[in-house]
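Trainee: So that you have it, the file is final.txt, and it contains compact mmCIF, C-alpha atoms:
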# COMPACT_ATOMS: atom_id res chain seq x y z
CA MET Q 65 9.85 -64.57 17.20
CA PRO Q 66 13.66 -64.77 17.35
CA ASP Q 67 15.42 -65.73 20.57
CA ARG Q 68 17.92 -62.91 20.16
CA ARG Q 69 16.29 -59.47 19.96
CA SER Q 70 17.91 -56.31 18.57
CA VAL Q 71 16.66 -52.79 17.78
CA LEU Q 72 17.37 -50.25 15.04
CA LEU Q 73 15.88 -46.84 15.82
CA LEU Q 74 15.94 -44.23 13.04
CA ILE Q 75 15.06 -40.76 14.27
CA ALA Q 76 14.59 -37.69 12.10
CA ASP Q 77 15.03 -34.09 13.21
CA ASP Q 78 11.85 -31.93 12.96
CA TRP Q 79 9.81 -34.27 10.73
CA SER Q 80 6.05 -33.93 10.78
CA PRO Q 81 4.01 -36.90 9.44
CA LEU Q 82 4.71 -36.01 5.82
CA ALA Q 83 5.18 -39.17 3.78
CA GLY Q 84 3.27 -41.01 1.12
CA CYS Q 85 2.10 -43.54 3.71
CA TYR Q 86 0.69 -40.65 5.76
CA GLY Q 87 -1.31 -39.34 2.83
CA SER Q 88 0.96 -36.57 1.59
CA PRO Q 89 0.06 -35.95 -2.08
CA VAL Q 90 3.41 -34.47 -3.13
CA ILE Q 91 6.26 -35.80 -1.01
CA ARG Q 92 8.36 -38.67 -2.35
CA THR Q 93 9.33 -41.08 0.44
CA PRO Q 94 9.64 -44.52 -1.19
CA HIS Q 95 11.71 -46.06 1.59
CA VAL Q 96 9.43 -45.00 4.44
CA ASP Q 97 6.44 -46.08 2.37
CA GLY Q 98 8.07 -49.45 1.70
CA LEU Q 99 8.69 -49.99 5.41
CA ALA Q 100 5.07 -49.03 6.17
CA ARG Q 101 3.89 -52.01 4.12
CA ARG Q 102 5.39 -54.31 6.75
CA ALA Q 103 5.03 -52.14 9.85
CA THR Q 104 2.54 -50.81 12.34
CA ARG Q 105 1.91 -47.21 11.36
CA PHE Q 106 0.59 -45.08 14.20
CA THR Q 107 -1.78 -42.29 13.17
CA ASN Q 108 -2.01 -40.69 16.63
CA ALA Q 109 1.59 -40.58 17.82
CA PHE Q 110 2.72 -37.50 19.72
CA CYS Q 111 6.03 -36.30 21.04
CA THR Q 112 5.64 -35.25 24.66
CA SER Q 113 7.76 -32.11 24.20
CA PRO Q 114 8.15 -30.48 20.75
CA SER Q 115 11.79 -29.62 21.41
CA CYS Q 116 14.83 -31.58 20.30
CA ALA Q 117 16.89 -32.36 23.40
CA ALA Q 118 13.96 -32.68 25.79
CA SER Q 119 12.18 -35.03 23.38
CA ARG Q 120 15.25 -37.20 22.76
CA ALA Q 121 15.87 -37.56 26.48
CA ASN Q 122 12.21 -38.52 26.85
CA ILE Q 123 12.62 -41.27 24.23
CA LEU Q 124 15.80 -42.67 25.77
CA THR Q 125 14.78 -42.49 29.45
CA GLY Q 126 11.04 -43.17 29.21
CA HIS Q 127 10.35 -40.22 31.51
CA TYR Q 128 8.70 -36.86 30.82
CA SER Q 129 10.85 -33.77 30.35
CA HIS Q 130 9.77 -32.20 33.65
CA SER Q 131 10.92 -35.41 35.38
CA HIS Q 132 14.13 -36.39 33.58
CA GLY Q 133 15.70 -32.95 33.97
CA GLN Q 134 16.76 -32.41 30.35
CA TYR Q 135 14.35 -29.49 30.29
CA GLY Q 136 15.82 -28.00 27.13
CA HIS Q 137 18.83 -28.00 24.83
CA SER Q 138 22.13 -29.50 25.90
CA HIS Q 139 24.59 -27.62 23.71
CA GLY Q 140 26.37 -24.28 24.07
CA VAL Q 141 25.07 -21.86 26.68
CA HIS Q 142 21.82 -23.83 27.09
CA ASN Q 143 23.57 -26.76 28.80
CA PHE Q 144 20.65 -28.67 30.31
CA HIS Q 145 21.50 -32.13 31.68
CA THR Q 146 19.44 -35.25 32.26
CA ALA Q 147 19.36 -36.05 35.98
CA ALA Q 148 22.13 -38.45 36.97
CA SER Q 149 19.58 -40.78 38.59
CA MET Q 150 17.68 -41.39 35.35
CA PRO Q 151 17.69 -44.78 33.65
CA SER Q 152 18.18 -45.00 29.89
CA ILE Q 153 18.02 -47.44 27.02
CA PRO Q 154 21.81 -47.55 26.45
CA LYS Q 155 22.52 -47.88 30.18
CA ARG Q 156 20.01 -50.69 30.71
CA LEU Q 157 20.76 -52.62 27.53
CA GLY Q 158 24.51 -52.13 27.88
CA ALA Q 159 24.32 -53.72 31.33
CA ALA Q 160 22.45 -56.65 29.75
CA GLY Q 161 25.31 -57.30 27.32
CA TYR Q 162 24.05 -55.36 24.31
CA ALA Q 163 26.23 -53.50 21.86
CA THR Q 164 24.79 -49.97 21.94
CA GLY Q 165 25.58 -47.48 19.21
CA ILE Q 166 24.77 -43.84 18.53
CA ILE Q 167 25.39 -42.55 15.01
CA GLY Q 168 24.77 -38.86 14.36
CA LYS Q 169 22.66 -36.62 16.52
CA LEU Q 170 22.13 -37.48 20.20
CA HIS Q 171 21.71 -33.99 21.76
CA THR Q 172 21.48 -35.24 25.35
CA GLN Q 173 23.93 -35.39 28.24
CA PRO Q 174 25.67 -36.50 30.46
CA ALA Q 175 27.59 -39.55 29.25
CA SER Q 176 27.00 -41.27 32.60
CA VAL Q 177 23.27 -41.46 31.79
CA TYR Q 178 23.85 -42.29 28.10
CA PRO Q 179 26.82 -44.70 28.01
CA TRP Q 180 27.32 -46.14 24.53
CA THR Q 181 29.63 -48.98 23.62
CA HIS Q 182 30.03 -47.26 20.24
CA ASP Q 183 29.84 -43.45 20.29
CA LEU Q 184 29.75 -42.34 16.66
CA GLN Q 185 28.12 -38.93 17.00
CA GLN Q 186 30.71 -37.26 14.77
CA VAL Q 187 29.69 -38.02 11.20
CA PRO Q 188 32.12 -36.85 8.47
CA GLY Q 189 30.23 -34.18 6.56
CA GLY Q 190 27.49 -34.03 9.20
CA GLY Q 191 24.26 -35.87 9.90
CA ARG Q 192 22.82 -35.15 6.44
CA ASN Q 193 25.56 -37.26 4.87
CA VAL Q 194 23.30 -40.28 4.77
CA ALA Q 195 25.55 -42.58 2.72
CA ILE Q 196 28.37 -42.13 5.25
CA MET Q 197 25.94 -42.84 8.09
CA ALA Q 198 25.01 -46.13 6.44
CA GLU Q 199 28.70 -47.05 6.15
CA MET Q 200 29.12 -46.29 9.85
CA ALA Q 201 26.12 -48.48 10.64
CA ALA Q 202 27.72 -51.34 8.70
CA GLY Q 203 30.87 -50.92 10.77
CA PHE Q 204 28.91 -50.96 14.00
CA LEU Q 205 26.99 -54.11 13.03
CA ALA Q 206 30.20 -55.87 12.05
CA ASP Q 207 31.84 -54.89 15.32
CA ALA Q 208 28.82 -56.01 17.35
CA GLY Q 209 29.56 -59.57 16.26
CA ASP Q 210 27.11 -62.02 17.79
CA ARG Q 211 25.91 -59.64 20.49
CA PRO Q 212 22.36 -58.32 20.39
CA PHE Q 213 22.40 -54.60 19.61
CA TYR Q 214 20.60 -51.32 19.98
CA LEU Q 215 21.56 -48.90 17.22
CA HIS Q 216 20.25 -45.32 17.43
CA MET Q 217 20.74 -43.31 14.23
CA GLY Q 218 20.06 -39.58 14.58
CA PHE Q 219 19.66 -37.90 11.20
CA ALA Q 220 20.04 -34.11 10.84
CA ASP Q 221 17.33 -33.91 8.18
CA PRO Q 222 14.89 -32.26 7.87
CA HIS Q 223 15.99 -29.67 10.48
CA ARG Q 224 15.95 -26.04 9.36
CA ASP Q 225 18.85 -24.84 7.19
CA PHE Q 226 17.81 -27.93 5.24
CA GLY Q 227 21.33 -28.66 3.92
CA ASN Q 228 20.20 -28.42 0.32
CA ARG Q 229 22.89 -26.05 -0.93
CA ARG Q 230 25.65 -28.62 -0.99
CA SER Q 231 25.98 -32.05 -2.52
CA TYR Q 232 26.42 -35.35 -0.74
CA GLU Q 233 28.14 -38.34 -2.32
CA GLY Q 234 25.65 -41.03 -3.23
CA VAL Q 235 22.64 -38.73 -2.86
CA GLU Q 236 20.48 -37.74 -5.83
CA GLU Q 237 18.55 -34.74 -4.57
CA ILE Q 238 14.80 -34.55 -5.16
CA ARG Q 239 13.62 -30.98 -5.61
CA TYR Q 240 10.10 -29.62 -5.32
CA ASP Q 241 8.26 -26.79 -7.03
CA PRO Q 242 7.15 -24.24 -4.41
CA ALA Q 243 3.91 -23.77 -6.34
CA GLU Q 244 2.99 -27.43 -5.84
CA VAL Q 245 3.83 -27.81 -2.14
CA PRO Q 246 0.73 -27.79 0.10
CA VAL Q 247 0.74 -25.01 2.71
CA PRO Q 248 -0.39 -26.21 6.16
CA ASP Q 249 -3.49 -24.54 7.63
CA PHE Q 250 -1.43 -22.82 10.34
CA LEU Q 251 0.91 -20.99 7.93
CA PRO Q 252 0.20 -18.11 5.56
CA ASP Q 253 0.15 -18.93 1.86
CA HIS Q 254 3.07 -16.67 0.98
CA PRO Q 255 5.91 -17.01 -1.58
CA GLU Q 256 8.58 -17.14 1.13
CA VAL Q 257 6.66 -19.80 3.03
CA ARG Q 258 6.27 -21.88 -0.11
CA ALA Q 259 9.97 -21.57 -0.90
CA GLU Q 260 10.88 -22.79 2.57
CA LEU Q 261 8.41 -25.65 2.39
CA ALA Q 262 9.94 -26.79 -0.89
CA GLU Q 263 13.36 -26.82 0.80
CA TYR Q 264 11.88 -28.74 3.72
CA TYR Q 265 10.36 -31.35 1.42
CA GLN Q 266 13.71 -31.82 -0.31
CA SER Q 267 15.40 -32.54 3.02
CA ILE Q 268 12.64 -35.03 3.92
CA SER Q 269 13.36 -36.94 0.72
CA ARG Q 270 17.08 -37.03 1.59
CA MET Q 271 16.14 -38.27 5.07
CA ASP Q 272 14.02 -40.97 3.41
CA LEU Q 273 17.02 -42.10 1.41
CA GLY Q 274 19.03 -42.25 4.62
CA PHE Q 275 16.42 -44.46 6.21
CA GLY Q 276 16.46 -46.69 3.14
CA LEU Q 277 20.25 -47.04 3.19
CA ALA Q 278 20.16 -47.91 6.89
CA LEU Q 279 17.54 -50.60 6.26
CA GLN Q 280 19.59 -52.01 3.36
CA THR Q 281 22.61 -52.12 5.65
CA LEU Q 282 20.62 -54.04 8.25
CA GLU Q 283 19.50 -56.57 5.63
CA ALA Q 284 23.06 -56.99 4.34
CA SER Q 285 24.28 -57.71 7.88
CA GLY Q 286 22.02 -60.77 8.17
CA ARG Q 287 20.51 -59.39 11.40
CA ALA Q 288 17.15 -58.15 10.09
CA GLY Q 289 15.38 -61.31 11.23
CA GLU Q 290 15.96 -60.43 14.89
CA THR Q 291 15.57 -56.66 14.72
CA LEU Q 292 12.73 -54.36 15.69
CA VAL Q 293 12.85 -51.26 13.49
CA VAL Q 294 11.48 -47.97 14.85
CA VAL Q 295 11.12 -44.96 12.53
CA MET Q 296 10.15 -41.68 14.17
CA SER Q 297 10.89 -37.97 14.65
CA ASP Q 298 11.82 -35.94 17.71
CA HIS Q 299 8.95 -33.47 17.00
CA GLY Q 300 7.11 -31.60 14.28
CA MET Q 301 8.19 -29.34 11.46
CA PRO Q 302 10.55 -26.36 12.01
CA PHE Q 303 8.02 -23.62 11.29
CA PRO Q 304 6.33 -21.05 13.54
CA GLY Q 305 3.24 -22.60 15.07
CA ALA Q 306 4.68 -26.12 15.06
CA LYS Q 307 8.08 -26.77 16.67
CA ALA Q 308 8.24 -25.62 20.32
CA SER Q 309 4.51 -24.91 20.44
CA SER Q 310 1.63 -26.65 22.20
CA PHE Q 311 -0.35 -27.24 19.00
CA ASP Q 312 -0.71 -30.62 17.32
CA SER Q 313 1.34 -29.16 14.48
CA GLY Q 314 4.34 -29.42 16.82
CA HIS Q 315 3.41 -32.59 18.72
CA HIS Q 316 1.93 -34.88 16.05
CA CYS Q 317 4.65 -37.09 14.61
CA PRO Q 318 5.22 -40.12 12.42
CA LEU Q 319 5.84 -43.46 14.11
CA LEU Q 320 6.36 -46.80 12.39
CA ILE Q 321 7.36 -49.99 14.19
CA ALA Q 322 8.31 -53.02 12.11
CA ARG Q 323 8.83 -56.53 13.49
CA PRO Q 324 10.34 -59.45 11.59
CA GLY Q 325 7.62 -61.29 9.71
CA ALA Q 326 4.83 -58.84 10.60
CA GLY Q 327 2.49 -57.20 8.12
CA GLU Q 328 0.99 -53.77 7.57
CA VAL Q 329 -1.23 -52.39 10.35
CA GLU Q 330 -2.69 -48.90 10.79
CA CYS Q 331 -3.12 -48.29 14.52
CA ASP Q 332 -5.10 -45.34 15.91
CA ALA Q 333 -3.95 -45.70 19.55
CA LEU Q 334 -2.98 -42.38 21.12
CA VAL Q 335 0.65 -42.89 22.14
CA ASN Q 336 3.58 -40.70 23.12
CA TRP Q 337 7.34 -40.91 23.27
CA SER Q 338 7.38 -42.07 26.90
CA GLY Q 339 6.22 -45.41 25.51
CA ILE Q 340 9.30 -45.97 23.34
CA ALA Q 341 11.71 -47.06 26.10
CA PRO Q 342 9.30 -49.61 27.64
CA THR Q 343 8.62 -50.94 24.12
CA VAL Q 344 12.34 -51.45 23.53
CA PHE Q 345 12.78 -53.22 26.87
CA ASP Q 346 9.72 -55.36 26.18
CA TRP Q 347 10.97 -56.45 22.76
CA CYS Q 348 14.46 -57.17 24.08
CA GLY Q 349 13.21 -59.14 27.08
CA VAL Q 350 15.11 -56.86 29.44
CA GLU Q 351 13.48 -55.90 32.73
CA PRO Q 352 12.41 -52.24 32.56
CA PRO Q 353 13.53 -49.79 35.23
CA ASP Q 354 11.12 -49.14 38.07
CA GLY Q 355 8.92 -46.08 37.86
CA LEU Q 356 8.45 -45.63 34.12
CA PRO Q 357 5.24 -43.61 33.70
CA GLU Q 358 4.02 -45.24 30.47
CA ARG Q 359 3.63 -48.73 29.00
CA SER Q 360 5.01 -50.77 26.14
CA LEU Q 361 3.40 -50.46 22.72
CA MET Q 362 4.07 -54.11 21.88
CA PRO Q 363 0.56 -55.31 22.85
CA VAL Q 364 -1.13 -53.01 20.31
CA LEU Q 365 1.10 -53.55 17.29
CA ASP Q 366 -1.42 -55.89 15.67
CA GLU Q 367 -4.51 -53.84 16.56
CA GLN Q 368 -6.18 -51.13 14.51
CA HIS Q 369 -8.44 -49.75 17.25
CA PRO Q 370 -7.12 -50.90 20.63
CA SER Q 371 -9.27 -50.04 23.64
CA GLY Q 372 -7.78 -48.10 26.52
CA TRP Q 373 -5.49 -45.96 24.35
CA ASP Q 374 -7.68 -42.87 24.00
CA GLU Q 375 -5.58 -40.10 25.54
CA THR Q 376 -1.99 -39.06 25.98
CA PHE Q 377 -0.16 -36.45 28.06
CA LEU Q 378 2.06 -33.58 26.91
CA SER Q 379 4.72 -31.66 28.83
CA HIS Q 380 7.05 -28.90 27.69
CA THR Q 381 9.17 -26.35 29.57
CA PHE Q 382 12.12 -25.02 27.53
CA HIS Q 383 13.50 -25.15 24.02
CA GLU Q 384 16.64 -23.04 24.22
CA VAL Q 385 17.35 -21.58 27.66
CA THR Q 386 15.82 -18.31 26.44
CA ASN Q 387 12.66 -20.08 25.22
CA TYR Q 388 10.73 -20.53 28.47
CA TYR Q 389 7.05 -21.25 27.88
CA PRO Q 390 6.01 -24.17 30.10
CA TYR Q 391 2.75 -26.03 29.61
CA ARG Q 392 1.23 -29.38 30.48
CA GLY Q 393 -1.57 -30.95 28.47
CA LEU Q 394 -3.83 -33.86 27.70
CA ARG Q 395 -4.70 -34.92 24.14
CA GLY Q 396 -7.85 -36.99 23.72
CA ARG Q 397 -9.56 -38.19 20.58
CA ARG Q 398 -11.89 -35.20 20.33
CA TYR Q 399 -10.71 -32.67 22.88
CA LYS Q 400 -7.34 -31.31 23.88
CA TYR Q 401 -6.65 -29.45 27.12
CA VAL Q 402 -3.58 -27.25 27.63
CA ARG Q 403 -2.52 -25.66 30.91
CA ASN Q 404 -0.13 -22.77 30.23
CA LEU Q 405 1.78 -22.23 33.46
CA TYR Q 406 2.80 -18.61 32.78
CA PRO Q 407 0.11 -17.06 30.56
CA GLU Q 408 1.56 -13.59 31.09
CA LEU Q 409 4.49 -14.57 28.84
CA THR Q 410 4.63 -14.10 25.09
CA ARG Q 411 5.60 -17.32 23.38
CA PRO Q 412 9.30 -17.05 22.40
CA LEU Q 413 10.38 -18.56 19.11
CA PRO Q 414 13.41 -20.84 18.74
CA SER Q 415 16.24 -18.88 17.17
CA ASP Q 416 16.04 -20.76 13.87
CA LEU Q 417 12.30 -20.08 13.57
CA TRP Q 418 12.60 -16.44 14.66
CA GLY Q 419 15.21 -15.79 11.96
CA SER Q 420 13.38 -17.70 9.25
CA PRO Q 421 12.05 -16.07 6.08
CA THR Q 422 8.59 -17.35 7.08
CA TRP Q 423 8.51 -15.48 10.40
CA LYS Q 424 10.19 -12.39 8.97
CA ALA Q 425 7.44 -12.20 6.35
CA VAL Q 426 4.79 -12.45 9.09
CA GLU Q 427 6.47 -9.64 11.03
CA ARG Q 428 7.27 -7.44 8.05
CA GLU Q 429 3.76 -7.58 6.63
CA GLY Q 430 2.00 -7.46 9.99
CA MET Q 431 -0.01 -10.59 9.25
CA GLU Q 432 -2.87 -10.93 11.72
CA MET Q 433 -3.58 -14.47 10.56
CA MET Q 434 -1.17 -17.35 10.08
CA GLY Q 435 -3.37 -19.48 7.89
CA LYS Q 436 -6.50 -20.24 9.93
CA ARG Q 437 -4.82 -19.42 13.24
CA PRO Q 438 -4.70 -15.84 14.55
CA THR Q 439 -1.09 -14.72 15.01
CA ARG Q 440 -1.92 -13.33 18.44
CA ALA Q 441 -3.40 -16.68 19.52
CA PHE Q 442 -0.12 -18.32 18.51
CA LEU Q 443 1.98 -15.85 20.51
CA ARG Q 444 -0.25 -15.45 23.56
CA GLN Q 445 -2.49 -17.99 25.23
CA PRO Q 446 -4.55 -17.82 28.43
CA ALA Q 447 -3.87 -20.04 31.41
CA GLU Q 448 -6.15 -22.73 30.03
CA ALA Q 449 -7.18 -23.79 26.55
CA LEU Q 450 -9.65 -26.40 25.36
CA PHE Q 451 -9.84 -27.32 21.70
CA ASP Q 452 -12.20 -29.54 19.74
CA VAL Q 453 -9.53 -31.06 17.53
CA GLU Q 454 -12.07 -32.89 15.39
CA ALA Q 455 -13.96 -29.74 14.40
CA ASP Q 456 -10.98 -27.39 14.73
CA PRO Q 457 -7.74 -29.29 13.98
CA VAL Q 458 -5.72 -26.08 13.69
CA GLU Q 459 -6.70 -25.23 17.31
CA ALA Q 460 -7.86 -21.70 16.55
CA ALA Q 461 -10.94 -21.52 18.83
CA ASN Q 462 -10.41 -21.80 22.58
CA LEU Q 463 -13.56 -23.37 24.10
CA ILE Q 464 -12.49 -23.34 27.73
CA ASP Q 465 -15.39 -21.05 28.77
CA GLU Q 466 -18.11 -22.80 26.77
CA PRO Q 467 -20.87 -23.69 29.30
CA ALA Q 468 -21.75 -26.98 27.61
CA LEU Q 469 -18.12 -28.13 27.74
CA GLN Q 470 -17.47 -27.46 31.43
CA PRO Q 471 -17.72 -31.17 32.36
CA VAL Q 472 -15.11 -31.98 29.68
CA ALA Q 473 -12.84 -29.16 30.84
CA GLU Q 474 -13.10 -30.16 34.48
CA GLU Q 475 -12.37 -33.81 33.78
CA MET Q 476 -9.31 -33.03 31.64
CA ARG Q 477 -8.13 -30.40 34.14
CA ARG Q 478 -8.32 -32.98 36.93
CA LYS Q 479 -6.41 -35.58 34.92
CA VAL Q 480 -3.61 -33.13 34.13
CA LYS Q 481 -3.28 -32.22 37.82
CA GLU Q 482 -3.12 -35.89 38.76
CA PHE Q 483 -0.53 -36.47 36.01
CA ARG Q 484 1.62 -33.65 37.35
CA LEU Q 485 1.49 -35.05 40.87
CA ARG Q 486 2.07 -38.63 39.74
CA THR Q 487 5.15 -37.70 37.68
CA ARG Q 488 6.54 -35.35 40.36
CA ASP Q 489 6.43 -32.23 38.23
CA PRO Q 490 8.68 -29.65 39.98
CA TRP Q 491 6.46 -26.87 38.63
CA VAL Q 492 3.65 -28.06 40.89
CA LEU Q 493 5.17 -25.94 43.67
CA ALA Q 494 5.10 -22.83 41.48
CA SER Q 495 1.45 -23.50 40.62
CA ARG Q 496 0.60 -23.89 44.30
CA GLN Q 497 2.32 -20.60 45.09
CA MET Q 498 0.19 -18.92 42.45
CA GLY Q 499 -2.94 -20.22 44.14
CA GLU Q 500 -3.88 -23.16 41.95
CA THR Q 501 -5.87 -25.74 43.88
CA GLY Q 502 -6.08 -29.51 43.44
CA LEU Q 503 -2.30 -29.93 43.46
CA GLU Q 504 -1.93 -30.93 47.07
CA GLY Q 505 -0.41 -34.30 47.80
Spell out the structure here as structure tokens.
Mentor:
Amino acid sequence: MPDRRSVLLLIADDWSPLAGCYGSPVIRTPHVDGLARRATRFTNAFCTSPSCAASRANILTGHYSHSHGQYGHSHGVHNFHTAASMPSIPKRLGAAGYATGIIGKLHTQPASVYPWTHDLQQVPGGGRNVAIMAEMAAGFLADAGDRPFYLHMGFADPHRDFGNRRSYEGVEEIRYDPAEVPVPDFLPDHPEVRAELAEYYQSISRMDLGFGLALQTLEASGRAGETLVVVMSDHGMPFPGAKASSFDSGHHCPLLIARPGAGEVECDALVNWSGIAPTVFDWCGVEPPDGLPERSLMPVLDEQHPSGWDETFLSHTFHEVTNYYPYRGLRGRRYKYVRNLYPELTRPLPSDLWGSPTWKAVEREGMEMMGKRPTRAFLRQPAEALFDVEADPVEAANLIDEPALQPVAEEMRRKVKEFRLRTRDPWVLASRQMGETGLEG
């Protein structure tokens, strides 16, 4: 391994694990697929919160969203801030002499928690202008000189609006036939849904090109031999029943980690985004901050079936300030437990999903089923849910009251309570006030 260690992190916006290397039969992602042939590809990677700002703060601080304080979006009237006391990758690595760069979307604040030596959030033409982003990366790498670096590139694709109605210099758009795009099990097979999915696929292919250009820029700089490459998404696809929801369709994400000289590995460890920061510190040889709740992924990068990586925690509170639907959860290999903190609420949709042709079709036609999932079960959930994600991957049947599964439910319930106490979840007090037991301490 090289003495000098750098990191290039490429993060997409709203990208579910749709790529050739993840088994998608239609999508064209040659650059992601090429990277996968020399990377560890995680098949059970989960964002901890399926919301943009909360998830990105989770990645950069290593803490859960109920702990780091960036409970929801940071822009406009939403205006959530990461707690001033939080550590972060740019703060820690900057103090260790690293050049730290952000190109494109960051979506977290304040600057005191996220101090960059090179703040390049404003991309001419926006974060879908992938050729320009690669040029900016080349400038950053040249300016970094001999210093080790951490470069964080936040692409706008494939976020909703999709950006497909304009052209971008250096980008040959790949278009998809709506009739050929697979419809996920949690969405209705409807012409408007198919049309939106085709648009979504097109923006994924543009994102893929952006990743490829960034990797070519790294190679051209001569720094690839020292650089850990992380390819990931903030959360799942921007469709009702995925983004900002507790289902795997919102939490399950792509994650590829490539080291210089390493080969292809498919790893089934259950991991989440709280493990990214400790992984970066581990690779860089920089002492991690005290109190990080999760561990580095470095020890499992060469393992297909590592032991002791069989469950992962989830935590979500806000999307936009008007999208309050807090839950905490535990995802195991077979079962998934979700504790909805305010079951009396109807799940609010992010504004881009609520206004989408997909959701308007569901409303207009009064669809009782969204694919295999009842629409009501998407909008309203009881205080607790237990799903057999092997038998029921769409999470349509709540098994929390099944007599034979009470030992499973009780064990997962206990672990989630312990997780909430261990990570100092502020919502513990609210749960106590509502009479929930087992949260003393």
Trainee: Closest to Q:Ala322 among Q:Leu292, Q:Ala202, Q:Ala220, Q:Ile340, using all atoms listed in the file?
Mentor: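 Closest residue, counting all atoms listed in the file: Q:Leu292.
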Trainee: Would you be able to write out as a list of chain:residue names which residues have an atom within 8 Å of (7.9, -17.1, 22.8) in the file's coordinates, counting only C-alpha atoms?
Mentor: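 Every residue inside that radius is included here: Q:Asn387, Q:Tyr388, Q:Tyr389, Q:Leu409, Q:Thr410, Q:Arg411, Q:Pro412, Q:Leu413, Q:Pro414, Q:Leu443.
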Trainee: Which residues come within 7 Å of stretch 110-114 of chain Q, counting all atoms listed in the file, excluding same-chain residues fewer than 3 positions away, as a list in words?
Mentor: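 My reading of the contact set: Ala118, Ser119, Asp298, His299, Gly300, Lys307, Ala308, Ser309, Gly314, His315, His316, Cys317, Val335, Asn336, Trp337, Phe377, Leu378, Ser379 and His380 of chain Q.
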Trainee: Once you have the residues from the selection above, write them out as a CSV table (one decimal), keeping the file's coordinate frame, restricted to C-alpha atoms.
Mentor:
chain,number,residue,atom,x,y,z
Q,118,ALA,CA,14.0,-32.7,25.8
Q,119,SER,CA,12.2,-35.0,23.4
Q,298,ASP,CA,11.8,-35.9,17.7
Q,299,HIS,CA,9.0,-33.5,17.0
Q,300,GLY,CA,7.1,-31.6,14.3
Q,307,LYS,CA,8.1,-26.8,16.7
Q,308,ALA,CA,8.2,-25.6,20.3
Q,309,SER,CA,4.5,-24.9,20.4
Q,314,GLY,CA,4.3,-29.4,16.8
Q,315,HIS,CA,3.4,-32.6,18.7
Q,316,HIS,CA,1.9,-34.9,16.0
Q,317,CYS,CA,4.6,-37.1,14.6
Q,335,VAL,CA,0.6,-42.9,22.1
Q,336,ASN,CA,3.6,-40.7,23.1
Q,337,TRP,CA,7.3,-40.9,23.3
Q,377,PHE,CA,-0.2,-36.4,28.1
Q,378,LEU,CA,2.1,-33.6,26.9
Q,379,SER,CA,4.7,-31.7,28.8
Q,380,HIS,CA,7.0,-28.9,27.7
Trainee: At a cut-off of 12 Å from (1.3, -19.7, -7.4) in the coordinates of the file, what residues are picked up using all atoms listed in the file, written as a PyMOL selection string?
Mentor: chain Q and resi 241-247+253-259
Trainee: May I ask which of the residues Q:Thr501, Q:Asn462, Q:Asn122, Q:Thr104 is the closest one to Q:Glu328, counting all atoms listed in the file?
Mentor: Q:Thr104
Trainee: Taking 6 positions as the minimum chain separation for residues in the same chain, which residues sit within 12 Å of Q:Gly203 when counting only C-alpha atoms? Answer as a list in words.
Mentor: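 Neighbouring residues, sequence-local ones excluded: Gly165, Ile167, His182, Leu184, Ile196, Met197, Gly209, Leu215, Ala278, Thr281, Leu282, Ala284 and Ser285 of chain Q.
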Trainee: Tell me, in Å to one decimal, how far atom CA of Q:Arg488 is from atom CA of Q:Ala160.
Mentor: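 Calculated distance between atom CA of Q:Arg488 and atom CA of Q:Ala160 is 28.6 Å.
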Trainee: Between Q:Phe275, Q:Tyr399, Q:Phe226, Q:Tyr178, which one has atoms that come closest to Q:Ala262, using all atoms listed in the file?
Mentor: Q:Phe226
Trainee: Would you compute the distance between atom CA of Q:Thr343 and atom CA of Q:Glu454? Give it in Å to one decimal.
Mentor: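 Pair atom CA of Q:Thr343 / atom CA of Q:Glu454 returns 28.8 Å.
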Trainee: Any idea what's packed within 9 Å of Q:Arg392, counting all atoms listed in the file, ignoring anything in its chain fewer than 2 positions away? Could you give it as an mmCIF file with C-alpha atoms, keeping the file's coordinate frame?
Mentor:
data_model
loop_
_atom_site.group_PDB
_atom_site.id
_atom_site.type_symbol
_atom_site.label_atom_id
_atom_site.label_comp_id
_atom_site.auth_asym_id
_atom_site.auth_seq_id
_atom_site.Cartn_x
_atom_site.Cartn_y
_atom_site.Cartn_z
ATOM 1 C CA SER Q 310 1.630 -26.650 22.200
ATOM 2 C CA PHE Q 377 -0.160 -36.450 28.060
ATOM 3 C CA LEU Q 378 2.060 -33.580 26.910
ATOM 4 C CA SER Q 379 4.720 -31.660 28.830
ATOM 5 C CA HIS Q 380 7.050 -28.900 27.690
ATOM 6 C CA THR Q 381 9.170 -26.350 29.570
ATOM 7 C CA PRO Q 390 6.010 -24.170 30.100
ATOM 8 C CA LEU Q 394 -3.830 -33.860 27.700
ATOM 9 C CA TYR Q 401 -6.650 -29.450 27.120
ATOM 10 C CA VAL Q 402 -3.580 -27.250 27.630
ATOM 11 C CA ARG Q 403 -2.520 -25.660 30.910
ATOM 12 C CA ASN Q 404 -0.130 -22.770 30.230
ATOM 13 C CA LEU Q 405 1.780 -22.230 33.460
ATOM 14 C CA VAL Q 480 -3.610 -33.130 34.130
ATOM 15 C CA ARG Q 484 1.620 -33.650 37.350
#
Trainee: Out of Q:Ala76, Q:Ala208, Q:Leu450, Q:Leu279, which residue has the shortest atom-to-atom distance to Q:His95 when counting all atoms listed in the file?
Mentor: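 Comparing Q:Ala76, Q:Ala208, Q:Leu450, Q:Leu279 against Q:His95, the winner is Q:Leu279.
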Trainee: Using all atoms listed in the file, can you tell me which of Q:Pro342, Q:Pro212, Q:Pro89, Q:Gly191 comes closest to Q:His127?
Mentor: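 Among Q:Pro342, Q:Pro212, Q:Pro89, Q:Gly191, it is Q:Pro342 that comes nearest to Q:His127.
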